[in-house]
$ cat entry-v3.csv   # CSV, C-alpha atoms
chain,number,residue,atom,x,y,z
W,14,MET,CA,169.5,104.5,376.3
W,15,ASN,CA,168.4,102.8,373.1
W,16,THR,CA,166.7,105.1,370.7
W,17,ILE,CA,165.7,105.2,367.0
W,18,PHE,CA,169.1,106.9,366.4
W,19,GLU,CA,171.1,103.8,367.2
W,20,ASP,CA,170.3,102.0,363.9
W,21,THR,CA,173.6,102.4,362.0
W,22,LYS,CA,172.4,100.1,359.2
W,23,VAL,CA,169.8,102.7,358.3
W,24,ALA,CA,172.0,105.6,359.1
W,25,PHE,CA,174.8,104.6,356.7
W,26,ALA,CA,172.9,102.6,354.2
W,27,LEU,CA,174.0,104.9,351.3
W,28,LYS,CA,177.7,104.8,352.2
W,29,SER,CA,179.9,102.3,350.5
W,30,ASP,CA,182.6,100.6,352.6
W,31,THR,CA,185.2,103.0,351.1
W,32,GLU,CA,183.0,106.0,352.0
W,33,LEU,CA,182.5,104.7,355.5
W,34,GLU,CA,186.2,104.4,356.0
W,35,ARG,CA,186.8,107.9,354.7
W,36,ALA,CA,184.2,109.3,357.1
W,37,TYR,CA,185.8,107.4,360.0
W,38,PHE,CA,189.3,108.8,359.0
W,39,LEU,CA,187.9,112.4,358.7
W,40,PHE,CA,186.2,112.4,362.0
W,41,LYS,CA,189.4,110.9,363.6
W,42,MET,CA,191.3,113.9,362.2
W,43,ILE,CA,188.7,116.4,363.2
W,44,ALA,CA,188.7,115.0,366.8
W,45,ASN,CA,192.3,116.2,367.1
W,46,GLU,CA,192.2,120.0,367.7
W,47,PRO,CA,195.9,120.8,367.1
W,48,LEU,CA,195.7,118.8,363.9
W,49,VAL,CA,192.7,120.9,362.7
W,50,ARG,CA,194.6,124.1,363.4
W,51,ILE,CA,197.7,122.9,361.6
W,52,GLY,CA,195.6,121.5,358.7
W,53,THR,CA,193.8,124.8,358.4
W,54,ALA,CA,197.0,126.8,358.2
W,55,VAL,CA,198.6,124.4,355.7
W,56,THR,CA,195.5,124.4,353.5
W,57,ASN,CA,195.3,128.2,353.5
W,58,PHE,CA,199.0,128.5,352.7
W,59,ALA,CA,198.7,125.9,349.9
W,60,PHE,CA,195.9,127.9,348.2
W,61,LYS,CA,197.7,131.2,348.7
W,62,VAL,CA,200.9,129.9,346.9
W,63,HIS,CA,198.8,128.0,344.3
W,64,LEU,CA,199.9,124.5,345.2
W,65,PRO,CA,197.9,121.8,343.4
W,66,VAL,CA,195.9,120.6,346.4
W,67,GLU,CA,192.3,120.8,345.1
W,68,GLY,CA,192.2,117.2,343.9
W,69,LEU,CA,193.2,115.9,347.4
W,70,ILE,CA,190.7,118.2,349.1
W,71,ARG,CA,188.0,117.2,346.7
W,72,ALA,CA,188.5,113.5,347.3
W,73,THR,CA,188.4,113.8,351.1
W,74,VAL,CA,186.9,116.6,353.1
W,75,PHE,CA,185.1,118.3,350.2
W,76,ASP,CA,183.2,115.2,349.0
W,77,HIS,CA,182.3,114.3,352.5
W,78,PHE,CA,180.7,117.7,353.5
W,79,CYS,CA,179.7,119.1,350.0
W,80,GLY,CA,177.5,118.0,347.2
W,81,GLY,CA,179.7,119.2,344.3
W,82,ILE,CA,181.2,122.2,342.6
W,83,ASN,CA,178.0,123.3,341.0
W,84,GLU,CA,174.3,122.6,341.2
W,85,GLN,CA,174.4,120.0,338.4
W,86,ASP,CA,177.2,118.2,340.2
W,87,CYS,CA,174.9,117.9,343.2
W,88,LEU,CA,172.2,116.0,341.5
W,89,LYS,CA,173.7,112.6,341.9
W,90,VAL,CA,173.8,113.1,345.7
W,91,VAL,CA,170.3,114.7,345.7
W,92,ASP,CA,168.8,111.7,344.0
W,93,LYS,CA,170.7,109.2,346.1
W,94,MET,CA,169.6,110.7,349.4
W,95,HIS,CA,166.0,110.9,348.2
W,96,THR,CA,165.9,107.1,347.7
W,97,LYS,CA,165.9,107.0,351.5
W,98,GLY,CA,163.4,109.8,351.9
W,99,VAL,CA,165.8,112.5,352.7
W,100,SER,CA,165.4,115.8,350.8
W,101,SER,CA,168.1,118.4,349.9
W,102,VAL,CA,168.6,122.1,350.5
W,103,LEU,CA,171.1,123.3,347.9
W,104,ASP,CA,173.3,125.8,349.7
W,105,TYR,CA,175.7,127.9,347.7
W,106,SER,CA,178.4,128.1,350.4
W,107,VAL,CA,180.7,130.7,349.0
W,108,GLU,CA,181.5,133.1,351.9
W,109,GLY,CA,183.3,136.4,352.6
W,110,LYS,CA,182.6,138.2,349.4
W,111,GLU,CA,182.3,142.0,349.4
W,112,GLU,CA,182.0,143.2,345.8
W,113,GLU,CA,178.9,144.0,343.8
W,114,ALA,CA,179.8,141.6,341.0
W,115,GLN,CA,180.1,138.8,343.6
W,116,PHE,CA,176.8,139.7,345.2
W,117,GLU,CA,175.1,139.7,341.8
W,118,ALA,CA,176.6,136.4,340.9
W,119,ALA,CA,175.4,134.9,344.2
W,120,THR,CA,171.9,136.3,343.6
W,121,GLN,CA,171.8,134.6,340.2
W,122,MET,CA,173.0,131.3,341.7
W,123,ILE,CA,170.3,131.5,344.4
W,124,LEU,CA,167.6,132.1,341.7
W,125,LYS,CA,169.0,129.1,339.8
W,126,THR,CA,168.8,126.8,342.9
W,127,ILE,CA,165.1,127.9,343.4
W,128,LYS,CA,164.4,126.9,339.8
W,129,PHE,CA,166.1,123.6,340.4
W,130,GLY,CA,163.8,123.1,343.4
W,131,GLN,CA,160.8,123.8,341.2
W,132,GLU,CA,161.8,121.0,338.9
W,133,LYS,CA,162.7,118.4,341.5
W,134,GLN,CA,160.6,117.1,344.3
W,135,ALA,CA,163.8,116.2,346.2
W,136,ILE,CA,164.7,119.9,346.6
W,137,PRO,CA,161.8,121.5,348.5
W,138,PHE,CA,163.8,124.3,350.0
W,139,ALA,CA,166.2,127.0,348.8
W,140,VAL,CA,168.5,129.0,351.1
W,141,PHE,CA,170.5,132.2,351.2
W,142,LYS,CA,172.4,134.4,353.5
W,143,PRO,CA,171.5,138.2,353.6
W,144,THR,CA,175.1,139.3,353.5
W,145,GLY,CA,175.7,137.0,350.5
W,146,ILE,CA,173.7,139.5,348.4
W,147,GLY,CA,174.8,142.8,350.0
W,148,ARG,CA,177.5,144.4,352.2
W,149,PHE,CA,177.4,143.6,355.9
W,150,LEU,CA,178.1,147.2,356.8
W,151,LEU,CA,174.8,148.4,355.3
W,152,PHE,CA,172.8,145.8,357.4
W,153,GLU,CA,174.8,146.9,360.4
W,154,LYS,CA,174.2,150.6,360.0
W,155,ILE,CA,170.4,150.2,359.4
W,156,SER,CA,170.2,147.8,362.4
W,157,ALA,CA,171.9,150.5,364.5
W,158,GLY,CA,169.4,153.2,363.2
W,159,GLN,CA,172.2,155.1,361.4
W,160,GLU,CA,171.4,157.1,358.2
W,161,LEU,CA,173.0,155.9,355.0
W,162,ASN,CA,174.7,158.4,352.7
W,163,ASP,CA,173.5,158.7,349.1
W,164,ALA,CA,175.8,156.1,347.7
W,165,GLU,CA,174.9,153.6,350.5
W,166,LEU,CA,171.2,154.3,350.0
W,167,LYS,CA,171.5,153.5,346.3
W,168,GLU,CA,173.4,150.3,347.3
W,169,TRP,CA,170.8,149.3,349.9
W,170,ASN,CA,168.0,149.8,347.3
W,171,VAL,CA,169.8,147.2,345.1
W,172,ILE,CA,169.8,144.8,348.1
W,173,LEU,CA,166.1,145.4,348.5
W,174,ARG,CA,165.5,144.6,344.9
W,175,ARG,CA,167.5,141.4,345.1
W,176,PHE,CA,165.8,140.3,348.3
W,177,GLU,CA,162.3,140.8,346.7
W,178,LEU,CA,163.3,139.2,343.5
W,179,ILE,CA,164.5,136.0,345.3
W,180,CYS,CA,161.4,135.9,347.5
W,181,LYS,CA,159.1,136.5,344.6
W,182,THR,CA,160.8,133.8,342.5
W,183,ALA,CA,160.5,131.3,345.4
W,184,HIS,CA,156.8,132.2,345.7
W,185,GLN,CA,156.2,131.7,342.0
W,186,ALA,CA,158.1,128.4,342.0
W,187,ASP,CA,156.4,127.2,345.2
W,188,VAL,CA,159.8,126.5,346.8
W,189,ALA,CA,160.2,127.4,350.5
W,190,LEU,CA,163.0,129.8,351.1
W,191,LEU,CA,165.2,129.5,354.2
W,192,ILE,CA,167.0,132.8,355.0
W,193,ASP,CA,170.0,132.4,357.3
W,194,ALA,CA,170.6,134.4,360.5
W,195,GLU,CA,173.9,136.2,361.1
W,196,GLU,CA,175.5,138.4,363.8
W,197,SER,CA,173.1,140.2,366.2
W,198,TRP,CA,174.4,143.6,365.2
W,199,MET,CA,173.2,143.3,361.6
W,200,GLN,CA,170.2,141.0,362.2
W,201,LYS,CA,167.5,143.7,362.9
W,202,ALA,CA,167.7,145.0,359.4
W,203,ALA,CA,167.4,141.5,358.0
W,204,ASP,CA,164.5,140.6,360.4
W,205,ASP,CA,162.6,143.7,359.3
W,206,LEU,CA,163.1,142.9,355.6
W,207,ILE,CA,162.2,139.3,356.0
W,208,LEU,CA,159.0,140.2,357.9
W,209,ASP,CA,158.0,142.4,355.0
W,210,MET,CA,158.6,139.5,352.6
W,211,MET,CA,156.5,137.3,354.8
W,212,ARG,CA,153.7,139.8,354.6
W,213,MET,CA,153.9,139.8,350.8
W,214,TYR,CA,154.5,136.1,350.0
W,215,ASN,CA,153.2,134.1,353.0
W,216,LYS,CA,149.5,134.9,352.6
W,217,GLU,CA,148.5,131.3,351.7
W,218,LYS,CA,151.3,129.4,353.4
W,219,ALA,CA,154.8,129.8,354.6
W,220,ILE,CA,157.2,130.4,351.7
W,221,VAL,CA,159.7,132.8,353.3
W,222,TYR,CA,161.4,131.5,356.5
W,223,ASN,CA,163.5,133.5,358.9
W,224,THR,CA,166.1,131.8,361.1
W,225,LEU,CA,166.1,132.2,364.9
W,226,GLN,CA,169.4,131.5,366.7
W,227,LEU,CA,168.3,130.3,370.1
W,228,TYR,CA,171.6,131.0,371.9
W,229,ARG,CA,170.1,134.5,371.8
W,230,TRP,CA,167.9,135.0,374.9
W,231,ASP,CA,165.6,137.4,373.1
W,232,ARG,CA,164.4,135.3,370.2
W,233,LEU,CA,161.4,133.6,371.7
W,234,ASP,CA,160.0,137.1,372.6
W,235,TYR,CA,160.7,138.2,369.1
W,236,LEU,CA,158.8,135.2,367.7
W,237,LYS,CA,155.8,136.0,369.9
W,238,GLU,CA,155.8,139.5,368.6
W,239,ILE,CA,155.8,138.6,364.9
W,240,ASN,CA,153.2,135.9,365.6
W,241,ALA,CA,150.9,138.5,367.0
W,242,ILE,CA,151.6,140.7,363.9
W,243,ALA,CA,151.0,137.7,361.5
W,244,THR,CA,147.7,136.9,363.3
W,245,ALA,CA,146.5,140.4,363.1
W,246,GLU,CA,147.5,140.9,359.5
W,247,ASN,CA,146.6,137.3,358.4
W,248,PHE,CA,149.8,135.9,357.0
W,249,HIS,CA,151.9,132.8,357.8
W,250,ILE,CA,155.3,132.6,359.4
W,251,GLY,CA,158.2,130.3,358.4
W,252,ILE,CA,160.8,129.7,361.1
W,253,LYS,CA,164.1,127.7,360.9
W,254,LEU,CA,165.2,127.1,364.5
W,255,VAL,CA,168.9,126.6,365.3
W,256,ARG,CA,171.1,127.0,368.3
W,257,GLY,CA,173.5,129.5,366.7
W,258,ALA,CA,176.9,129.9,365.0
W,259,TYR,CA,178.6,133.1,366.2
W,260,MET,CA,178.8,132.7,370.0
W,261,GLU,CA,182.5,133.6,370.5
W,262,LYS,CA,182.3,136.6,368.2
W,263,GLU,CA,179.1,137.8,369.9
W,264,ASN,CA,180.5,137.6,373.4
W,265,ASN,CA,183.8,139.2,372.5
W,266,ARG,CA,182.1,142.1,370.8
W,267,ALA,CA,179.8,142.6,373.8
W,268,ILE,CA,182.8,142.7,376.2
W,269,ALA,CA,184.8,145.1,373.9
W,270,LYS,CA,181.9,147.5,373.5
W,271,GLY,CA,180.6,147.2,377.0
W,272,TYR,CA,177.0,146.1,376.4
W,273,LYS,CA,175.1,143.0,377.7
W,274,SER,CA,175.8,140.0,375.6
W,275,PRO,CA,172.8,138.8,373.5
W,276,ILE,CA,174.0,135.2,374.1
W,277,CYS,CA,172.5,132.9,376.8
W,278,ALA,CA,174.8,132.5,379.8
W,279,SER,CA,175.2,128.8,379.4
W,280,LYS,CA,174.7,125.8,377.0
W,281,ALA,CA,172.0,124.5,379.4
W,282,ILE,CA,170.0,127.8,379.1
W,283,THR,CA,170.4,127.7,375.3
W,284,ASP,CA,169.0,124.2,375.3
W,285,GLN,CA,166.0,125.3,377.4
W,286,ASN,CA,165.5,128.3,375.2
W,287,PHE,CA,165.6,126.1,372.0
W,288,ASP,CA,163.1,123.6,373.6
W,289,ALA,CA,160.7,126.3,374.8
W,290,THR,CA,160.7,128.0,371.4
W,291,ALA,CA,160.1,124.7,369.6
W,292,ILE,CA,157.1,123.9,371.9
W,293,TYR,CA,155.7,127.4,371.1
W,294,MET,CA,156.1,126.7,367.4
W,295,LEU,CA,154.3,123.4,367.7
W,296,ASP,CA,151.6,125.0,369.7
W,297,HIS,CA,150.9,127.3,366.8
W,298,THR,CA,151.1,125.1,363.7
W,299,ASN,CA,148.1,126.9,362.2
W,300,ARG,CA,150.3,130.0,361.8
W,301,ILE,CA,153.9,128.8,362.0
W,302,ALA,CA,155.7,126.4,359.7
W,303,SER,CA,158.8,124.9,361.4
W,304,PHE,CA,162.2,123.8,360.2
W,305,PHE,CA,164.1,122.4,363.1
W,306,GLY,CA,167.8,122.6,362.3
W,307,THR,CA,169.5,120.5,365.0
W,308,HIS,CA,172.2,117.9,365.4
W,309,ASN,CA,171.1,117.4,369.0
W,310,GLU,CA,169.6,114.0,369.6
W,311,GLN,CA,167.8,114.9,372.7
W,312,SER,CA,166.1,117.8,371.1
W,313,SER,CA,165.1,115.7,368.2
W,314,LEU,CA,163.6,113.0,370.5
W,315,ASP,CA,161.8,115.7,372.5
W,316,LEU,CA,160.3,117.1,369.3
W,317,ILE,CA,159.1,113.6,368.2
W,318,GLN,CA,157.5,113.2,371.6
W,319,ILE,CA,155.8,116.6,371.5
W,320,MET,CA,154.5,115.9,368.0
W,321,LYS,CA,153.0,112.6,369.3
W,322,GLU,CA,151.4,114.3,372.3
W,323,LYS,CA,149.8,116.9,370.0
W,324,GLY,CA,148.6,114.4,367.5
W,325,LEU,CA,150.8,115.7,364.8
W,326,ALA,CA,151.6,113.1,362.2
W,327,PRO,CA,155.3,112.5,361.4
W,328,ASP,CA,154.8,113.7,357.8
W,329,THR,CA,152.9,116.9,358.8
W,330,ALA,CA,153.7,119.2,355.8
W,331,THR,CA,154.7,122.2,357.9
W,332,ILE,CA,157.2,120.4,360.2
W,333,TRP,CA,160.7,119.6,359.0
W,334,PHE,CA,163.9,118.4,360.5
W,335,GLY,CA,167.3,119.4,359.0
W,336,GLN,CA,170.9,118.5,359.4
W,337,LEU,CA,174.1,119.3,357.5
W,338,TYR,CA,175.3,116.9,354.8
W,339,GLY,CA,178.2,114.8,356.1
W,340,MET,CA,177.0,115.0,359.7
W,341,SER,CA,174.4,113.3,362.0
W,342,ASP,CA,173.3,110.7,359.4
W,343,HIS,CA,172.1,108.7,362.3
W,344,ILE,CA,169.5,111.4,363.0
W,345,SER,CA,168.6,112.3,359.4
W,346,TYR,CA,168.1,108.8,358.0
W,347,ASN,CA,166.5,107.2,361.0
W,348,LEU,CA,164.0,110.1,361.2
W,349,ALA,CA,163.2,109.7,357.5
W,350,ASP,CA,162.9,105.9,358.0
W,351,HIS,CA,160.2,106.6,360.6
W,352,GLY,CA,158.3,108.9,358.2
W,353,TYR,CA,159.4,112.4,359.4
W,354,ASN,CA,160.2,115.1,356.9
W,355,VAL,CA,164.0,115.5,356.7
W,356,ALA,CA,166.2,117.7,354.6
W,357,LYS,CA,170.0,117.8,354.5
W,358,TYR,CA,171.8,121.1,353.8
W,359,LEU,CA,173.9,120.3,350.7
W,360,PRO,CA,176.7,122.9,350.3
W,361,PHE,CA,178.2,123.4,346.9
W,362,GLY,CA,180.6,125.7,345.1
W,363,PRO,CA,184.2,125.8,343.7
W,364,VAL,CA,186.5,124.0,346.0
W,365,LYS,CA,188.7,127.0,346.8
W,366,ASP,CA,185.7,129.3,347.5
W,367,VAL,CA,184.0,126.7,349.8
W,368,MET,CA,187.1,126.3,351.9
W,369,PRO,CA,186.0,128.9,354.6
W,370,TYR,CA,182.8,126.9,355.0
W,371,LEU,CA,184.8,123.6,355.3
W,372,ILE,CA,187.2,125.0,357.8
W,373,ARG,CA,184.3,126.3,359.9
W,374,ARG,CA,182.7,122.8,359.9
W,375,ALA,CA,186.0,121.2,361.1
W,376,GLU,CA,186.4,123.8,363.8
W,377,GLU,CA,182.8,123.6,365.0
W,378,ASN,CA,183.0,119.8,365.2
W,379,THR,CA,186.3,120.1,367.2
W,380,SER,CA,184.7,122.5,369.7
W,381,VAL,CA,181.4,120.8,370.3
W,382,ALA,CA,181.8,118.4,373.1
W,383,GLY,CA,180.7,114.9,372.3
W,384,GLN,CA,179.7,115.6,368.7
W,385,THR,CA,182.8,114.1,367.0
W,386,SER,CA,183.1,111.2,369.4
W,387,ARG,CA,179.5,110.3,368.8
W,388,GLU,CA,180.0,110.3,365.1
W,389,LEU,CA,183.1,108.1,365.5
W,390,ASN,CA,181.3,105.6,367.8
W,391,LEU,CA,178.5,105.2,365.3
W,392,LEU,CA,180.8,104.8,362.4
W,393,GLN,CA,182.8,102.2,364.3
W,394,THR,CA,179.6,100.3,365.2
W,395,GLU,CA,178.7,100.2,361.5
W,396,ARG,CA,182.2,99.1,360.5
W,397,SER,CA,182.0,96.2,363.0
W,398,ARG,CA,178.5,95.3,361.9
W,399,ARG,CA,179.6,95.0,358.2
W,400,LYS,CA,182.5,92.8,359.2
W,401,LYS,CA,180.3,90.2,360.9

$ encode --input "entry-v3.csv" --output "structure tokens"
Amino acid sequence: MNTIFEDTKVAFALKSDTELERAYFLFKMIANEPLVRIGTAVTNFAFKVHLPVEGLIRATVFDHFCGGINEQDCLKVVDKMHTKGVSSVLDYSVEGKEEEAQFEAATQMILKTIKFGQEKQAIPFAVFKPTGIGRFLLFEKISAGQELNDAELKEWNVILRRFELICKTAHQADVALLIDAEESWMQKAADDLILDMMRMYNKEKAIVYNTLQLYRWDRLDYLKEINAIATAENFHIGIKLVRGAYMEKENNRAIAKGYKSPICASKAITDQNFDATAIYMLDHTNRIASFFGTHNEQSSLDLIQIMKEKGLAPDTATIWFGQLYGMSDHISYNLADHGYNVAKYLPFGPVKDVMPYLIRRAEENTSVAGQTSRELNLLQTERSRRKK
């Protein structure tokens, strides 16, 4: 079926011939699962024994999937994408930290990206991960209804202060703030905290956005609950909708601990859940601001159709589409070319610290049926077009 996403000239307009060839090479590599496993092991080993591999990684996979090593480094990419109507979400993608000094450094970086957004129209969103500013264990214990000891309570209060400072700064800067979702067994604490922030800072419009992972079968009911609360208390809701990122971990934990998995039984049911929740959000645009984070072409086409049926203009201020930098350019740039609001997640950070993110990207692309082959087919189409 011919759709708006087939236009590779628009999709890859910003890529030089060299960048196009690099993208084709990378996705060829990612398509080979054993090669991804070997590459991951070799890369981890190289960093562990301090081999000089950063330059090679920077010139290949890092530059394809990341904006730079710091926020200033990203500006060239930000400005370039914005010439085609695609905005940026600067995402400090340093993962797996567990120390207070690291949490504080991450908080300061998030505050810096918010101020960047205040100064640049091309950066309308900031983003952070709850466990990027505080220990996972504390979110987990509170989600489970367990009491914290005195030291943990003191630590939790620091997390609360960081959370409120970030949300307050975003409100003052008028920069929307996307807060990532994580594992289900820590999410309730984050949900409750985010709802409190919405009460405080979403009185006039949505500034604080929670993220709903729709591979969880309970999320539409949750959205309906908080929509009722927001309606009763007169504040706005911001929601980023995604399918989810922790499925294997979620199912394995449910089996190990003997409880019902929070994950939908199949991909088809997840897709239905995503679509039903998206429709609900577009039915309540007076209260809910939407950021649809999806690399699924059919979902994107369905959303376009629903918007048309509801008389919602492509550039409706409270409706955004989002994809990751380095992926699904055929969706991002063609949507923007047709007037829709689009933002690319632009990860950044020191090369070594961003490696866990890059490895996850490679593994996810390998495991998603059809994703990598679709990227390769489109890149090949554009290569052939340019050679004519």

$ closest_residue --input "entry-v3.csv" --among "W:Gly251, W:Gly362, W:Pro369, W:Gly145" --to "W:Ala54" --atoms "all atoms listed in the file"
W:Pro369

$ closest_residue --input "entry-v3.csv" --among "W:Leu39, W:Thr385, W:Leu103, W:Phe248" --to "W:Asp76" --atoms "all atoms listed in the file"
W:Leu39

$ axis_aligned_box --input "entry-v3.csv" --around "stretch 223-238 of chain W" --padding-each-side "4 Å" --output "JSON"
{"center_x": 163.7, "center_y": 134.9, "center_z": 366.9, "size_x": 23.8, "size_y": 17.2, "size_z": 24.0}

$ closest_residue --input "entry-v3.csv" --among "W:Phe176, W:Phe116, W:Tyr338, W:Tyr222" --to "W:Val188" --atoms "only C-alpha atoms"
W:Tyr222

$ residues_around --input "entry-v3.csv" --residues "W:Asp187" --least-positions-apart "6" --cutoff "10 Å" --atoms "only C-alpha atoms" --output "list in words"
Ile127, Lys128, Gly130, Gln131, Pro137, Phe138, Lys181, Lys218, Ala219 and Ile220 of chain W

$ residues_near_point --input "entry-v3.csv" --point "(175.1, 129.5, 365.4)" --cutoff "12 Å" --atoms "all atoms listed in the file" --output "VMD selection string"
chain W and resid 193 to 197 224 to 229 254 to 263 276 283 306 to 308 373 to 374 377 381

$ closest_residue --input "entry-v3.csv" --among "W:Asp30, W:Asp234, W:Asp104, W:Asp315" --to "W:Leu337" --atoms "all atoms listed in the file"
W:Asp104

$ residues_around --input "entry-v3.csv" --residues "W:Gly158" --least-positions-apart "3" --cutoff "12 Å" --atoms "only C-alpha atoms" --output "PDB file with C-alpha atoms, in the coordinates of the input"
ATOM      1  CA  LEU W 151     174.800 148.400 355.300  1.00  0.00           C
ATOM      2  CA  PHE W 152     172.800 145.800 357.400  1.00  0.00           C
ATOM      3  CA  GLU W 153     174.800 146.900 360.400  1.00  0.00           C
ATOM      4  CA  LYS W 154     174.200 150.600 360.000  1.00  0.00           C
ATOM      5  CA  ILE W 155     170.400 150.200 359.400  1.00  0.00           C
ATOM      6  CA  LEU W 161     173.000 155.900 355.000  1.00  0.00           C
ATOM      7  CA  TRP W 198     174.400 143.600 365.200  1.00  0.00           C
ATOM      8  CA  MET W 199     173.200 143.300 361.600  1.00  0.00           C
ATOM      9  CA  LYS W 201     167.500 143.700 362.900  1.00  0.00           C
ATOM     10  CA  ALA W 202     167.700 145.000 359.400  1.00  0.00           C
TER      11      ALA W 202
END

$ residues_near_point --input "entry-v3.csv" --point "(149.9, 131.0, 365.9)" --cutoff "9 Å" --atoms "all atoms listed in the file" --output "list of chain:residue names"
W:Lys237, W:Asn240, W:Ala241, W:Ala243, W:Thr244, W:His249, W:Ile250, W:Tyr293, W:Met294, W:Leu295, W:Asp296, W:His297, W:Thr298, W:Asn299, W:Arg300, W:Ile301

$ closest_residue --input "entry-v3.csv" --among "W:Ala375, W:Lys28, W:Met320, W:Cys180" --to "W:Asp209" --atoms "only C-alpha atoms"
W:Cys180

$ atom_distance --input "entry-v3.csv" --atom1 "atom CA of W:Ile70" --atom2 "atom CA of W:Leu371"
10.1 Å

$ residues_around --input "entry-v3.csv" --residues "W:Met340" --least-positions-apart "6" --cutoff "10 Å" --atoms "all atoms listed in the file" --output "CSV table (one decimal) with C-alpha atoms, in the coordinates of the input"
chain,number,residue,atom,x,y,z
W,36,ALA,CA,184.2,109.3,357.1
W,40,PHE,CA,186.2,112.4,362.0
W,77,HIS,CA,182.3,114.3,352.5
W,78,PHE,CA,180.7,117.7,353.5
W,308,HIS,CA,172.2,117.9,365.4
W,357,LYS,CA,170.0,117.8,354.5
W,358,TYR,CA,171.8,121.1,353.8
W,374,ARG,CA,182.7,122.8,359.9
W,378,ASN,CA,183.0,119.8,365.2
W,384,GLN,CA,179.7,115.6,368.7
W,385,THR,CA,182.8,114.1,367.0
W,388,GLU,CA,180.0,110.3,365.1

$ atom_distance --input "entry-v3.csv" --atom1 "atom CA of W:Leu33" --atom2 "atom CA of W:Gln85"
24.3 Å
